[in-house]
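Chemist: Following this message is one structure expressed as structure tokens.
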Amino acid sequence: MVQSCKLKELSFLVYGLGLSGRSVINFFKRNGIKKFKVWDDNKKNEYKKYRPKNLIYTFNQVDYIILSPGISLHKKKKLNKFKKKIITDIDLFYLYNNKFKSIVVTGTNGKSTTCKLIAHLLHKNNFNYSLGGNIGTPILNLKNIKNSFVIIEASSFQLSHSKFICPDYALFLNFSNDHLDWHGDKNKYLNSKLKIFDLQKEKNFAIINKNLKKEFIKNKFLSKLLFPKIKDYRKIKKKIKNDYLTSNINEENMSFVYTLSKLLKISEKSFSKAMKSFKGLPHRFEIFLKKGNITFINDSKATSFTAVASALCGLKNVYWILGGLPKKKDKFKLSKIKKNIIKCYLIGKNINFFKSQIKGVINFSITKNLKNSIIQISEDLKSQKHANKFILLSPGAASFDQFENFEKRGEEFKRLCKKYVRKFI
């Protein structure tokens with residue numbers, strides 16, 4: 001393990017000035033690491049004095065290039081030649097620290113919720129822990145981690161370039177098509193996720209979706225392999241008494257956390273007690289408003305059809321808002337869930353893509369934006385006599401055609417629902 005004295009002898013290029021890039025620079029300054037340069041495509045930043053005059057020369061000279069997660073080698077061809085030097089902020093965290101136990105979570109959907117569930121479980125059972133990574137807090141900003149658990153949400157972007165990540169507990173929740181424009185193809189995307197197991201030893205644990213068993217065995221990973229058993233979780237599900245967690249959408253996440261709890265020797269009673277008080281994350285199947293027999297759900301984080309299907313499968317009588325910037329090669333398979341949908345409302349600048357996916361399968365209207373959708377739904381409700389109805393924003397697409405991010409989209413949806421709620425009565 002490389003310690004601070006060794007890091008001071010190495011040279012680095014920090015490539016990209018997002019949250020993680022800035023956290024790396026602050027980490028270097030805190031720890032007296034002076035041999036580093038900084039590059040960002042935007043020349044106007046506060047780190048001008050660290051900017052190299054010749055980028056290619058710097059690529060050749062430095063020991064490591066610390067790449068921000070959002071930067072793709074698939075799109076930055078000049079970096080490909082130097083990919084053996086590329087690491088991430090999470091790698092740096094592992095290189096510098098060794099007196100902690102790590103729980104690393106990856107997967108296409110459910111990473112943030114699962115990380116929060118684990119953090120809540122550890123908190124309620126008096127474990128020392130920290131939470132960081134892709135979930136929002138750069139890993140190098142964490143403090144007081146000695147002899148504690150560090151929960152890390154790891155995206156495929158981060159894992160793709162990682163070379164030193166070695167989790168004590170590695171959780172791979174699920175896998176479906178996503179981020180193909182970044183990775184190039186499905187196999188590269190999957191292989192980036194599988195890197196979570198590369199450096200694990202026989203004493204470490206891998207908890208994986210059973211659909212990934214063949215990939216795990218083919219790669220001859222060394223860690224102890226476990227599959228979350230949803231049937232075991234269902235036996236104690238009623239004891240939790242938390243509507244958010246006991247919905248179908250969270251069964252997979254909860255089965256992984258339950259399996260981990262057994263490894264950490266947390267009793268079923270303590271597990272159930274802790275989960276009762278868990279509150280879900282915003283924009284992830286967030287039930288934010290109820291009016292009579294109408295439930296409003298903000299699932300703006302659902303940016304692929306796989307995520308949408310998870311929301312729709314557990315509901316009935318759904319008025320579904322769909323649309324945005326579609327994911328590459330995403331396909332909507334509605335045969336098993338179309339019966340749950342009363343009507344769909346298409347928004348965004350890619351109407352034709354979504355129209356082609358649902359035409360002839362479910363009833364729909366082209367509403368173009370959230371405001372029109374809410375108003376149209378309020379009119380359509382007047383002709384329906386179903387006992388319980390759900391108004392669901394689960395767009396199955398990125399937000400960037402109309403919004404800065406999925407959070408902005410979700411907040412606007414909630415604002416509009418509350419503004420026009422009287423129309424639904």
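Identifiers in the structure tokens: chain A, B, ... in order shown; residue index from 1 per chain; ligand index from 1 in order shown.
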Wanna dump the range 286-335 of chain A-range 102-124 of chain A contacts at 10 Å for me, each residue with its shortest atom pair and the distance in Å to one decimal, counting only C-alpha atoms, ordered by chain and number, as CSV?
Modeler:
```
residue,atom,partner,partner_atom,distance
A:Lys301,CA,A:Asn109,CA,9.4
A:Ala302,CA,A:Asn109,CA,8.3
A:Thr303,CA,A:Asn109,CA,9.4
A:Ser304,CA,A:Asn109,CA,9.0
A:Thr306,CA,A:Asn109,CA,8.2
A:Ala307,CA,A:Asn109,CA,6.6
A:Ser310,CA,A:Asn109,CA,9.8
```
Chemist: Kindly save the residues from that selection, with C-alpha atoms included, as a PDB file, in the first residue's frame.
Modeler:
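Wrote it out as result.pdb, contents follow:
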```pdb
ATOM      1  CA  LYS A 301     -34.307   9.602 -11.423  1.00  0.00           C
ATOM      2  CA  ALA A 302     -35.729   6.796 -13.615  1.00  0.00           C
ATOM      3  CA  THR A 303     -33.752   7.547 -16.777  1.00  0.00           C
ATOM      4  CA  SER A 304     -34.010   4.152 -18.487  1.00  0.00           C
ATOM      5  CA  THR A 306     -35.568  -0.801 -16.748  1.00  0.00           C
ATOM      6  CA  ALA A 307     -35.955   1.788 -13.987  1.00  0.00           C
ATOM      7  CA  SER A 310     -39.628  -1.254 -11.637  1.00  0.00           C
TER       8      SER A 310
END
```
Chemist: Among range 149-301 of chain A, which ones does DSSP assign to alpha helix (DSSP H) (computed from the backbone)? Answer as a ChimeraX atom specification.
Modeler: /A:156-161,180-183,186-194,213-218,230-240,243-246,251-263,268-276
Chemist: Dump as a Markdown table the rows for residues of range 134-160 of chain A within 8 Å of range 87-95 of chain A: closest atom pair and distance in Å with one decimal, only C-alpha atoms counted, ordered by chain and rising residue number.
Modeler:
```
| residue | atom | partner | partner_atom | distance |
| --- | --- | --- | --- | --- |
| A:Pro138 | CA | A:Asp89 | CA | 8.0 |
| A:Ile139 | CA | A:Ile90 | CA | 6.3 |
| A:Leu140 | CA | A:Phe93 | CA | 6.2 |
| A:Gln158 | CA | A:Thr88 | CA | 6.5 |
```
Chemist: DSSP on the backbone: what in range 93-282 of chain A comes out strand (DSSP E), as a ChimeraX atom specification?
Modeler: /A:101-106,129-133,149-153,169-172,205-208,224-226
Chemist: Counting only C-alpha atoms, which residue out of A:Ser255, A:Gln402, A:Ser162, A:Asn174 sits closest to Lys213 in chain A?
Modeler: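 Counting only C-alpha atoms, the residue closest to Lys213 in chain A is A:Asn174.
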Chemist: Tell me which protein, DNA and RNA residues are within 12 Å of range 16-30 of chain A, counting only C-alpha atoms, leaving out same-chain ones fewer than 6 positions away, and put them as a VMD selection string.
Modeler: chain A and resid 4 7 to 8 10 36 to 48 50 to 51 65 to 72 87 to 93 96 132 to 143 158
Chemist: Check which residues of range 392-415 of chain A sit at most 9 Å from range 364-380 of chain A using only C-alpha atoms, and return one row each with the closest pair of atoms and their distance in Å to one decimal, ordered by chain and rising number, as JSON lines.
Modeler:
```
{"residue": "A:Gln402", "atom": "CA", "partner": "A:Asn369", "partner_atom": "CA", "distance": 8.5}
{"residue": "A:Arg409", "atom": "CA", "partner": "A:Leu370", "partner_atom": "CA", "distance": 8.7}
{"residue": "A:Glu412", "atom": "CA", "partner": "A:Leu370", "partner_atom": "CA", "distance": 7.9}
{"residue": "A:Phe413", "atom": "CA", "partner": "A:Leu370", "partner_atom": "CA", "distance": 6.5}
```
Chemist: Can I get the selection written as a short mmCIF file (atom, residue, chain, number, x, y, z; two decimals), in the first residue's frame, with C-alpha atoms?
Modeler:
```cif
data_model
loop_
_atom_site.label_atom_id
_atom_site.label_comp_id
_atom_site.auth_asym_id
_atom_site.auth_seq_id
_atom_site.Cartn_x
_atom_site.Cartn_y
_atom_site.Cartn_z
CA GLN A 402 -35.65 20.46 -21.06
CA ARG A 409 -37.18 18.03 -13.42
CA GLU A 412 -40.72 21.19 -11.17
CA PHE A 413 -43.07 18.20 -11.27
#
```
Chemist: I want to know what sits within 9 Å of Leu226 in chain A, based on only C-alpha atoms, with residues of the same chain fewer than 5 positions away left out; could you give that as a ChimeraX atom specification?
Modeler: /A:205-210,259
Chemist: One number please: CA of Gly348 in chain A to CA of Ala311 in chain A, in Å, one decimal.
Modeler: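 Answer for the CA of Gly348 in chain A to CA of Ala311 in chain A separation: 20.2 Å.
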Chemist: Which residues are close to range 280-290 of chain A, i.e. within 6 Å by only C-alpha atoms, leaving aside same-chain residues fewer than 6 positions away? Reply as a PyMOL selection string.
Modeler: chain A and resi 296-301+410
Chemist: How many Å lie between CA of Ser335 in chain A and CA of Leu312 in chain A, rounded to one decimal?
Modeler: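 CA of Ser335 in chain A sits 11.8 Å away from CA of Leu312 in chain A.
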Chemist: Pick the closest to Phe424 in chain A from A:Lys188, A:Lys291, A:Lys83, A:Lys328: which is it, counting only C-alpha atoms?
Modeler: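 With only C-alpha atoms as the atom set, the closest residue is A:Lys291.
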Chemist: Could you list, as number ranges by chain, every residue within 9 Å of Ser130 in chain A, counting only C-alpha atoms and ignoring same-chain residues fewer than 3 positions away?
Modeler: A: 119, 142-145, 148-152
Chemist: Store the residues of this selection in a file with N, CA and C atoms, as a PDB file, in the first residue's frame.
Modeler:
```
ATOM      1  N   ALA A 119     -26.103   2.911   5.030  1.00  0.00           N
ATOM      2  CA  ALA A 119     -25.680   3.944   5.986  1.00  0.00           C
ATOM      3  C   ALA A 119     -26.666   4.047   7.150  1.00  0.00           C
ATOM      4  N   LEU A 142     -13.983  12.790   2.738  1.00  0.00           N
ATOM      5  CA  LEU A 142     -14.378  12.111   3.969  1.00  0.00           C
ATOM      6  C   LEU A 142     -13.285  12.236   5.025  1.00  0.00           C
ATOM      7  N   LYS A 143     -13.712  12.367   6.275  1.00  0.00           N
ATOM      8  CA  LYS A 143     -12.771  12.522   7.393  1.00  0.00           C
ATOM      9  C   LYS A 143     -13.069  11.472   8.473  1.00  0.00           C
ATOM     10  N   ASN A 144     -12.100  11.252   9.326  1.00  0.00           N
ATOM     11  CA  ASN A 144     -12.244  10.345  10.471  1.00  0.00           C
ATOM     12  C   ASN A 144     -12.700   8.948  10.043  1.00  0.00           C
ATOM     13  N   ILE A 145     -12.015   8.377   9.060  1.00  0.00           N
ATOM     14  CA  ILE A 145     -12.424   7.064   8.554  1.00  0.00           C
ATOM     15  C   ILE A 145     -11.671   5.913   9.212  1.00  0.00           C
ATOM     16  N   SER A 148     -13.248   2.446  10.632  1.00  0.00           N
ATOM     17  CA  SER A 148     -14.685   2.561  10.397  1.00  0.00           C
ATOM     18  C   SER A 148     -15.034   1.908   9.057  1.00  0.00           C
ATOM     19  N   PHE A 149     -16.328   1.841   8.775  1.00  0.00           N
ATOM     20  CA  PHE A 149     -16.799   1.375   7.475  1.00  0.00           C
ATOM     21  C   PHE A 149     -16.944   2.574   6.547  1.00  0.00           C
ATOM     22  N   VAL A 150     -16.466   2.421   5.325  1.00  0.00           N
ATOM     23  CA  VAL A 150     -16.654   3.457   4.309  1.00  0.00           C
ATOM     24  C   VAL A 150     -17.555   2.880   3.213  1.00  0.00           C
ATOM     25  N   ILE A 151     -18.719   3.493   3.044  1.00  0.00           N
ATOM     26  CA  ILE A 151     -19.679   3.062   2.019  1.00  0.00           C
ATOM     27  C   ILE A 151     -19.437   3.915   0.781  1.00  0.00           C
ATOM     28  N   ILE A 152     -19.180   3.268  -0.341  1.00  0.00           N
ATOM     29  CA  ILE A 152     -18.827   3.983  -1.566  1.00  0.00           C
ATOM     30  C   ILE A 152     -19.793   3.614  -2.683  1.00  0.00           C
TER      31      ILE A 152
END
```
Chemist: Looking at only C-alpha atoms, which of A:Gln357, A:Ser394, A:Asn250, A:Asn352 is the one that sits closest to Tyr319 in chain A?
Modeler: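 Under the stated criterion, the closest residue is A:Ser394.
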Chemist: Please indicate the distance in Å from CA of Ile236 in chain A to CA of Asn125 in chain A, rounded to one decimal place.
Modeler: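 Value for the CA of Ile236 in chain A-CA of Asn125 in chain A distance: 17.9 Å.
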Chemist: Which residue is closest to Ile294 in chain A? Choose from A:Lys214, A:Lys316, A:Lys231, A:Lys359 and count only C-alpha atoms.
Modeler: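 When distances to Ile294 in chain A are compared using only C-alpha atoms, the smallest one comes from A:Lys316.
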Chemist: Using only C-alpha atoms, which residue out of A:Tyr64, A:Tyr189, A:Phe400, A:Phe305 lies closest to Phe354 in chain A?
Modeler: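 Looking only at the distances to Phe354 in chain A, the closest residue turns out to be A:Phe305.
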